[in-house]
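Novice: Sharing coords_24.cif here; it has mmCIF, N, CA and C atoms.
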data_start
loop_
_atom_site.label_atom_id
_atom_site.label_comp_id
_atom_site.auth_asym_id
_atom_site.auth_seq_id
_atom_site.Cartn_x
_atom_site.Cartn_y
_atom_site.Cartn_z
N MET A 10 36.35 -8.50 -33.11
CA MET A 10 37.09 -7.26 -33.27
C MET A 10 36.21 -6.03 -32.98
N ALA A 11 34.97 -6.08 -33.43
CA ALA A 11 34.05 -4.96 -33.20
C ALA A 11 33.78 -4.80 -31.71
N ALA A 12 33.66 -5.91 -31.00
CA ALA A 12 33.42 -5.85 -29.56
C ALA A 12 34.61 -5.22 -28.85
N LYS A 13 35.80 -5.53 -29.28
CA LYS A 13 37.02 -4.96 -28.68
C LYS A 13 37.07 -3.45 -28.91
N LYS A 14 36.71 -2.99 -30.11
CA LYS A 14 36.69 -1.55 -30.42
C LYS A 14 35.62 -0.83 -29.58
N ALA A 15 34.46 -1.46 -29.43
CA ALA A 15 33.39 -0.86 -28.63
C ALA A 15 33.82 -0.74 -27.17
N GLU A 16 34.49 -1.79 -26.69
CA GLU A 16 34.98 -1.75 -25.32
C GLU A 16 36.02 -0.66 -25.13
N GLN A 17 36.93 -0.55 -26.07
CA GLN A 17 37.97 0.48 -25.99
C GLN A 17 37.37 1.88 -26.04
N ALA A 18 36.34 2.07 -26.89
CA ALA A 18 35.65 3.36 -26.97
C ALA A 18 34.99 3.70 -25.64
N LEU A 19 34.41 2.69 -25.00
CA LEU A 19 33.78 2.89 -23.70
C LEU A 19 34.81 3.31 -22.65
N VAL A 20 35.94 2.65 -22.64
CA VAL A 20 37.01 2.97 -21.69
C VAL A 20 37.54 4.38 -21.96
N GLU A 21 37.73 4.74 -23.21
CA GLU A 21 38.20 6.09 -23.55
C GLU A 21 37.19 7.16 -23.12
N GLN A 22 35.90 6.88 -23.33
CA GLN A 22 34.87 7.83 -22.90
C GLN A 22 34.92 8.02 -21.38
N TRP A 23 35.06 6.92 -20.64
CA TRP A 23 35.16 6.99 -19.19
C TRP A 23 36.37 7.81 -18.78
N ARG A 24 37.50 7.59 -19.39
CA ARG A 24 38.72 8.32 -19.06
C ARG A 24 38.59 9.80 -19.40
N ASP A 25 37.86 10.11 -20.47
CA ASP A 25 37.60 11.51 -20.81
C ASP A 25 36.78 12.19 -19.71
N ILE A 26 35.78 11.47 -19.20
CA ILE A 26 34.94 12.00 -18.12
C ILE A 26 35.80 12.25 -16.87
N LEU A 27 36.63 11.26 -16.52
CA LEU A 27 37.50 11.43 -15.36
C LEU A 27 38.45 12.60 -15.53
N GLY A 28 39.00 12.76 -16.74
CA GLY A 28 39.91 13.87 -17.01
C GLY A 28 39.22 15.22 -16.88
N LEU A 29 38.01 15.32 -17.43
CA LEU A 29 37.25 16.57 -17.32
C LEU A 29 36.94 16.88 -15.86
N HIS A 30 36.57 15.86 -15.10
CA HIS A 30 36.30 16.06 -13.68
C HIS A 30 37.54 16.57 -12.95
N ALA A 31 38.67 15.93 -13.20
CA ALA A 31 39.92 16.33 -12.52
C ALA A 31 40.32 17.75 -12.90
N ARG A 32 40.24 18.09 -14.18
CA ARG A 32 40.60 19.45 -14.61
C ARG A 32 39.65 20.49 -14.01
N THR A 33 38.37 20.15 -13.96
CA THR A 33 37.37 21.08 -13.42
C THR A 33 37.59 21.27 -11.92
N GLN A 34 37.84 20.19 -11.19
CA GLN A 34 38.13 20.30 -9.76
C GLN A 34 39.33 21.20 -9.51
N CYS A 35 40.39 21.03 -10.29
CA CYS A 35 41.59 21.86 -10.13
C CYS A 35 41.28 23.32 -10.41
N GLU A 36 40.54 23.59 -11.45
CA GLU A 36 40.17 24.97 -11.78
C GLU A 36 39.29 25.59 -10.69
N LEU A 37 38.36 24.81 -10.18
CA LEU A 37 37.51 25.31 -9.09
C LEU A 37 38.35 25.61 -7.86
N ASP A 38 39.24 24.68 -7.51
CA ASP A 38 40.09 24.91 -6.34
C ASP A 38 40.92 26.18 -6.50
N ARG A 39 41.47 26.39 -7.70
CA ARG A 39 42.27 27.60 -7.95
C ARG A 39 41.43 28.86 -7.82
N ALA A 40 40.24 28.84 -8.43
CA ALA A 40 39.38 30.03 -8.42
C ALA A 40 38.85 30.35 -7.03
N LEU A 41 38.59 29.33 -6.24
CA LEU A 41 37.99 29.53 -4.92
C LEU A 41 39.02 29.77 -3.82
N HIS A 42 40.26 29.42 -4.08
CA HIS A 42 41.32 29.53 -3.08
C HIS A 42 41.42 30.95 -2.51
N GLY A 43 41.31 31.94 -3.34
CA GLY A 43 41.40 33.33 -2.89
C GLY A 43 40.28 33.73 -1.94
N HIS A 44 39.23 32.93 -1.91
CA HIS A 44 38.11 33.19 -1.02
C HIS A 44 38.17 32.28 0.22
N GLY A 45 39.26 31.53 0.35
CA GLY A 45 39.43 30.65 1.50
C GLY A 45 38.66 29.35 1.41
N LEU A 46 38.26 28.96 0.20
CA LEU A 46 37.47 27.75 0.01
C LEU A 46 38.12 26.83 -1.00
N CYS A 47 37.72 25.57 -0.96
CA CYS A 47 38.05 24.63 -2.02
C CYS A 47 36.71 24.20 -2.65
N ALA A 48 36.79 23.42 -3.70
CA ALA A 48 35.57 23.01 -4.41
C ALA A 48 34.60 22.27 -3.50
N SER A 49 35.09 21.40 -2.66
CA SER A 49 34.21 20.64 -1.76
C SER A 49 33.54 21.56 -0.73
N ASP A 50 34.29 22.54 -0.22
CA ASP A 50 33.70 23.51 0.71
C ASP A 50 32.52 24.20 0.04
N PHE A 51 32.76 24.65 -1.20
CA PHE A 51 31.70 25.37 -1.90
C PHE A 51 30.50 24.48 -2.15
N GLU A 52 30.71 23.22 -2.49
CA GLU A 52 29.58 22.31 -2.74
C GLU A 52 28.67 22.23 -1.52
N VAL A 53 29.26 22.16 -0.34
CA VAL A 53 28.46 22.09 0.88
C VAL A 53 27.73 23.42 1.10
N LEU A 54 28.43 24.54 0.94
CA LEU A 54 27.78 25.84 1.09
C LEU A 54 26.64 26.00 0.09
N ASP A 55 26.88 25.57 -1.15
CA ASP A 55 25.88 25.70 -2.21
C ASP A 55 24.65 24.86 -1.89
N LEU A 56 24.87 23.65 -1.43
CA LEU A 56 23.76 22.78 -1.05
C LEU A 56 22.94 23.43 0.07
N LEU A 57 23.61 23.93 1.08
CA LEU A 57 22.91 24.55 2.20
C LEU A 57 22.19 25.82 1.78
N ALA A 58 22.77 26.58 0.86
CA ALA A 58 22.18 27.85 0.45
C ALA A 58 20.98 27.69 -0.48
N GLU A 59 21.03 26.71 -1.34
CA GLU A 59 20.02 26.64 -2.39
C GLU A 59 19.00 25.54 -2.23
N GLY A 60 19.26 24.62 -1.36
CA GLY A 60 18.37 23.48 -1.26
C GLY A 60 17.41 23.59 -0.10
N THR A 61 16.54 22.62 -0.05
CA THR A 61 15.63 22.47 1.06
C THR A 61 15.79 21.05 1.57
N ALA A 62 15.97 20.93 2.85
CA ALA A 62 16.17 19.61 3.44
C ALA A 62 14.92 18.76 3.25
N ALA A 63 15.07 17.46 3.45
CA ALA A 63 13.97 16.52 3.23
C ALA A 63 12.72 16.88 4.03
N ASP A 64 12.92 17.49 5.21
CA ASP A 64 11.76 17.86 6.03
C ASP A 64 11.24 19.26 5.73
N GLY A 65 11.80 19.89 4.68
CA GLY A 65 11.34 21.22 4.28
C GLY A 65 12.04 22.35 4.98
N GLY A 66 12.92 22.05 5.92
CA GLY A 66 13.63 23.10 6.66
C GLY A 66 14.85 23.61 5.90
N CYS A 67 15.52 24.57 6.50
CA CYS A 67 16.69 25.16 5.86
C CYS A 67 17.99 24.54 6.36
N ALA A 68 17.91 23.71 7.38
CA ALA A 68 19.09 23.04 7.89
C ALA A 68 19.06 21.58 7.45
N TYR A 69 20.21 21.10 7.02
CA TYR A 69 20.32 19.72 6.57
C TYR A 69 20.91 18.84 7.67
N ARG A 70 20.45 17.62 7.73
CA ARG A 70 21.13 16.63 8.57
C ARG A 70 22.42 16.26 7.86
N VAL A 71 23.45 15.96 8.63
CA VAL A 71 24.74 15.59 8.04
C VAL A 71 24.55 14.42 7.08
N GLN A 72 23.70 13.48 7.42
CA GLN A 72 23.43 12.34 6.55
C GLN A 72 22.89 12.79 5.20
N GLU A 73 22.01 13.79 5.19
CA GLU A 73 21.47 14.31 3.93
C GLU A 73 22.57 14.95 3.09
N ILE A 74 23.47 15.66 3.73
CA ILE A 74 24.58 16.28 3.00
C ILE A 74 25.46 15.20 2.39
N SER A 75 25.76 14.16 3.17
CA SER A 75 26.65 13.10 2.67
C SER A 75 26.04 12.37 1.48
N GLU A 76 24.73 12.34 1.38
CA GLU A 76 24.07 11.71 0.23
C GLU A 76 24.19 12.55 -1.03
N ARG A 77 24.49 13.83 -0.88
CA ARG A 77 24.52 14.75 -2.03
C ARG A 77 25.93 15.14 -2.48
N VAL A 78 26.89 15.06 -1.58
CA VAL A 78 28.28 15.41 -1.95
C VAL A 78 29.11 14.14 -1.95
N HIS A 79 30.14 14.13 -2.72
CA HIS A 79 30.95 12.93 -2.90
C HIS A 79 32.16 12.94 -1.98
N LEU A 80 31.87 12.81 -0.68
CA LEU A 80 32.92 12.77 0.33
C LEU A 80 32.61 11.64 1.30
N SER A 81 33.64 11.07 1.89
CA SER A 81 33.42 10.08 2.94
C SER A 81 32.82 10.79 4.15
N GLN A 82 32.22 10.02 5.03
CA GLN A 82 31.62 10.59 6.23
C GLN A 82 32.66 11.34 7.06
N SER A 83 33.86 10.77 7.19
CA SER A 83 34.89 11.43 8.01
C SER A 83 35.39 12.71 7.33
N ALA A 84 35.56 12.67 6.01
CA ALA A 84 36.00 13.88 5.30
C ALA A 84 34.95 14.98 5.40
N LEU A 85 33.68 14.59 5.29
CA LEU A 85 32.60 15.57 5.42
C LEU A 85 32.56 16.16 6.82
N SER A 86 32.76 15.34 7.83
CA SER A 86 32.77 15.85 9.21
C SER A 86 33.90 16.85 9.41
N ARG A 87 35.07 16.56 8.88
CA ARG A 87 36.20 17.51 8.99
C ARG A 87 35.89 18.80 8.24
N LEU A 88 35.31 18.68 7.05
CA LEU A 88 34.96 19.86 6.25
C LEU A 88 33.96 20.73 7.00
N ILE A 89 32.91 20.12 7.54
CA ILE A 89 31.91 20.88 8.30
C ILE A 89 32.55 21.53 9.53
N GLY A 90 33.46 20.84 10.17
CA GLY A 90 34.18 21.41 11.31
C GLY A 90 34.96 22.65 10.92
N ARG A 91 35.65 22.60 9.77
CA ARG A 91 36.39 23.77 9.27
C ARG A 91 35.46 24.92 8.96
N LEU A 92 34.35 24.62 8.28
CA LEU A 92 33.39 25.67 7.94
C LEU A 92 32.78 26.28 9.19
N GLU A 93 32.54 25.46 10.19
CA GLU A 93 32.00 25.96 11.46
C GLU A 93 33.04 26.85 12.16
N LYS A 94 34.28 26.40 12.18
CA LYS A 94 35.36 27.19 12.80
C LYS A 94 35.49 28.55 12.13
N ASP A 95 35.27 28.59 10.80
CA ASP A 95 35.35 29.84 10.05
C ASP A 95 34.08 30.68 10.15
N GLY A 96 33.10 30.18 10.88
CA GLY A 96 31.87 30.94 11.09
C GLY A 96 30.90 30.90 9.92
N LEU A 97 31.07 29.93 9.02
CA LEU A 97 30.24 29.86 7.82
C LEU A 97 29.00 28.98 7.99
N VAL A 98 29.09 28.00 8.88
CA VAL A 98 27.96 27.14 9.18
C VAL A 98 27.86 26.97 10.68
N GLU A 99 26.69 26.50 11.11
CA GLU A 99 26.52 26.16 12.51
C GLU A 99 25.86 24.79 12.60
N ARG A 100 26.26 24.06 13.61
CA ARG A 100 25.69 22.74 13.85
C ARG A 100 24.79 22.79 15.08
N ALA A 101 23.75 21.98 15.04
CA ALA A 101 22.85 21.85 16.18
C ALA A 101 22.30 20.44 16.21
N MET A 102 21.94 19.99 17.38
CA MET A 102 21.34 18.66 17.51
C MET A 102 19.95 18.67 16.87
N CYS A 103 19.58 17.55 16.28
CA CYS A 103 18.24 17.40 15.71
C CYS A 103 17.24 17.27 16.85
N ALA A 104 16.20 18.04 16.80
CA ALA A 104 15.17 17.97 17.85
C ALA A 104 14.46 16.61 17.82
N GLU A 105 14.26 16.07 16.62
CA GLU A 105 13.51 14.83 16.49
C GLU A 105 14.36 13.57 16.65
N ASP A 106 15.67 13.73 16.61
CA ASP A 106 16.56 12.57 16.74
C ASP A 106 17.85 13.04 17.39
N ARG A 107 18.00 12.82 18.66
CA ARG A 107 19.14 13.33 19.42
C ARG A 107 20.49 12.83 18.89
N ARG A 108 20.49 11.76 18.11
CA ARG A 108 21.76 11.26 17.54
C ARG A 108 22.15 12.05 16.31
N GLY A 109 21.19 12.72 15.71
CA GLY A 109 21.45 13.45 14.47
C GLY A 109 21.94 14.86 14.72
N VAL A 110 22.65 15.38 13.71
CA VAL A 110 23.16 16.75 13.77
C VAL A 110 22.68 17.48 12.52
N ARG A 111 22.20 18.70 12.71
CA ARG A 111 21.78 19.54 11.60
C ARG A 111 22.84 20.61 11.35
N VAL A 112 22.98 20.97 10.09
CA VAL A 112 23.95 21.99 9.68
C VAL A 112 23.20 23.05 8.89
N ALA A 113 23.46 24.31 9.19
CA ALA A 113 22.83 25.43 8.48
C ALA A 113 23.87 26.51 8.24
N LEU A 114 23.65 27.30 7.19
CA LEU A 114 24.52 28.44 6.92
C LEU A 114 24.29 29.53 7.95
N THR A 115 25.35 30.23 8.29
CA THR A 115 25.25 31.44 9.10
C THR A 115 25.08 32.62 8.13
N ALA A 116 24.86 33.80 8.68
CA ALA A 116 24.78 35.00 7.83
C ALA A 116 26.09 35.18 7.06
N LYS A 117 27.22 34.94 7.72
CA LYS A 117 28.52 35.04 7.06
C LYS A 117 28.64 34.01 5.93
N GLY A 118 28.11 32.81 6.16
CA GLY A 118 28.12 31.77 5.13
C GLY A 118 27.28 32.15 3.93
N HIS A 119 26.10 32.71 4.19
CA HIS A 119 25.22 33.18 3.10
C HIS A 119 25.92 34.26 2.28
N ALA A 120 26.56 35.19 2.97
CA ALA A 120 27.24 36.30 2.27
C ALA A 120 28.38 35.77 1.41
N LEU A 121 29.20 34.88 1.96
CA LEU A 121 30.32 34.33 1.18
C LEU A 121 29.81 33.51 0.01
N HIS A 122 28.78 32.74 0.22
CA HIS A 122 28.20 31.96 -0.89
C HIS A 122 27.75 32.88 -2.01
N GLY A 123 27.07 33.97 -1.65
CA GLY A 123 26.60 34.92 -2.67
C GLY A 123 27.74 35.56 -3.43
N GLU A 124 28.84 35.80 -2.76
CA GLU A 124 30.02 36.41 -3.38
C GLU A 124 30.73 35.43 -4.31
N VAL A 125 30.81 34.17 -3.90
CA VAL A 125 31.62 33.18 -4.61
C VAL A 125 30.82 32.42 -5.67
N ARG A 126 29.51 32.37 -5.54
CA ARG A 126 28.69 31.61 -6.48
C ARG A 126 28.96 31.98 -7.94
N PRO A 127 29.02 33.27 -8.31
CA PRO A 127 29.29 33.59 -9.71
C PRO A 127 30.67 33.10 -10.18
N VAL A 128 31.64 33.09 -9.30
CA VAL A 128 32.98 32.60 -9.64
C VAL A 128 32.91 31.11 -9.96
N GLN A 129 32.25 30.36 -9.10
CA GLN A 129 32.13 28.91 -9.31
C GLN A 129 31.34 28.61 -10.58
N ARG A 130 30.25 29.32 -10.79
CA ARG A 130 29.42 29.07 -11.98
C ARG A 130 30.18 29.41 -13.26
N ALA A 131 31.01 30.45 -13.22
CA ALA A 131 31.80 30.82 -14.41
C ALA A 131 32.82 29.72 -14.75
N VAL A 132 33.45 29.16 -13.73
CA VAL A 132 34.40 28.06 -13.96
C VAL A 132 33.66 26.88 -14.56
N LEU A 133 32.51 26.53 -14.00
CA LEU A 133 31.74 25.41 -14.54
C LEU A 133 31.36 25.65 -15.99
N ALA A 134 30.89 26.85 -16.29
CA ALA A 134 30.48 27.17 -17.66
C ALA A 134 31.66 27.03 -18.61
N ARG A 135 32.80 27.55 -18.21
CA ARG A 135 33.99 27.49 -19.07
C ARG A 135 34.46 26.06 -19.27
N MET A 136 34.54 25.31 -18.19
CA MET A 136 35.07 23.94 -18.28
C MET A 136 34.10 23.00 -18.97
N LEU A 137 32.82 23.13 -18.70
CA LEU A 137 31.87 22.22 -19.30
C LEU A 137 31.53 22.60 -20.74
N ASP A 138 31.90 23.81 -21.12
CA ASP A 138 31.75 24.23 -22.51
C ASP A 138 32.68 23.42 -23.41
N GLU A 139 33.78 22.90 -22.83
CA GLU A 139 34.72 22.05 -23.57
C GLU A 139 34.05 20.79 -24.09
N VAL A 140 32.99 20.34 -23.39
CA VAL A 140 32.33 19.09 -23.76
C VAL A 140 31.57 19.23 -25.07
N ASP A 141 31.00 20.40 -25.30
CA ASP A 141 30.19 20.61 -26.51
C ASP A 141 30.97 20.60 -27.78
#
Can you turn what I pasted into structure tokens?
Specialist:
Amino acid sequence: MAAKKAEQALVEQWRDILGLHARTQCELDRALHGHGLCASDFEVLDLLAEGTAADGGCAYRVQEISERVHLSQSALSRLIGRLEKDGLVERAMCAEDRRGVRVALTAKGHALHGEVRPVQRAVLARMLDEVD
């Protein structure tokens, strides 16, 4: 009986995590929509703006981005295509590996990230405060 209760508690904890994630994603999408972004768009912009690629550069290989965001390769490619069309990122071939593609923020992408970052962080603070 104790094992059954422990298992049920584990399942409930997992479902609570999934629920918090879903609610947070919806809130992020709502807050970012007015800026022409969704939560996944912002995650890619945020990664490009604040991180350093494995080789120390400011442009990430698409493979590096896919390791950090939770999107399929095809979904990530479509997202990067949209961001590029909107002038927020630019793609270029990797000098060291012609099969690879690097992605970097444009000046417009940096500006939008700076404008939207406080909005995204406020949503995260509010939603994750529920956990405490």
Novice: So that I can see what lies close to region 19-35 of chain A, please list as a short mmCIF file (atom, residue, chain, number, x, y, z; two decimals) with N, CA and C atoms, in the coordinates of the input the residues with an atom at most 8 Å from it, counting all atoms listed in the file and leaving out residues fewer than 5 positions away in the same chain.
Specialist:
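around_23.cif was written with the following content:
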data_model
loop_
_atom_site.label_atom_id
_atom_site.label_comp_id
_atom_site.auth_asym_id
_atom_site.auth_seq_id
_atom_site.Cartn_x
_atom_site.Cartn_y
_atom_site.Cartn_z
N LYS A 13 35.80 -5.53 -29.28
CA LYS A 13 37.02 -4.96 -28.68
C LYS A 13 37.07 -3.45 -28.91
N LYS A 14 36.71 -2.99 -30.11
CA LYS A 14 36.69 -1.55 -30.42
C LYS A 14 35.62 -0.83 -29.58
N ALA A 40 40.24 28.84 -8.43
CA ALA A 40 39.38 30.03 -8.42
C ALA A 40 38.85 30.35 -7.03
N LEU A 41 38.59 29.33 -6.24
CA LEU A 41 37.99 29.53 -4.92
C LEU A 41 39.02 29.77 -3.82
N CYS A 47 37.72 25.57 -0.96
CA CYS A 47 38.05 24.63 -2.02
C CYS A 47 36.71 24.20 -2.65
N ALA A 48 36.79 23.42 -3.70
CA ALA A 48 35.57 23.01 -4.41
C ALA A 48 34.60 22.27 -3.50
N SER A 49 35.09 21.40 -2.66
CA SER A 49 34.21 20.64 -1.76
C SER A 49 33.54 21.56 -0.73
N VAL A 132 33.45 29.16 -13.73
CA VAL A 132 34.40 28.06 -13.96
C VAL A 132 33.66 26.88 -14.56
N LEU A 133 32.51 26.53 -14.00
CA LEU A 133 31.74 25.41 -14.54
C LEU A 133 31.36 25.65 -15.99
N MET A 136 34.54 25.31 -18.19
CA MET A 136 35.07 23.94 -18.28
C MET A 136 34.10 23.00 -18.97
N LEU A 137 32.82 23.13 -18.70
CA LEU A 137 31.87 22.22 -19.30
C LEU A 137 31.53 22.60 -20.74
#
Novice: Interatomic distance between CA of Asp95 (chain A) and atom C of Ile74 (chain A)?
Specialist: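 Going from CA of Asp95 (chain A) over to atom C of Ile74 (chain A), I get 19.3 Å.
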Novice: So that I can check the secondary structure, give me every residue of chain A assigned alpha helix (DSSP H) by backbone DSSP, as an MDAnalysis selection string.
Specialist: chainID A and resid 11:42 48:59 71:77 82:94 116:138
Novice: Taking the backbone alone, and naming residues the way the document does, which bits of region 66-121 of chain A are strand (DSSP E) by DSSP, as number ranges by chain?
Specialist: A: 69-70, 98-102, 110-114
Novice: Need the shell around Ala101 (chain A): protein/DNA/RNA residues with any atom at most 8 Å away, counting all atoms listed in the file. Skip same-chain ones fewer than 2 positions apart. Format as a ChimeraX atom specification?
Specialist: /A:98-99,103-104,109-113
Novice: Name the residues within 12 Å of (25.4, 23.4, -2.7), counting only C-alpha atoms in the file's coordinates, and put them as a VMD selection string.
Specialist: chain A and resid 48 to 62 69 73 to 75 77 to 79 113 to 114 118 to 119 122 to 123 125 to 126 129 to 130
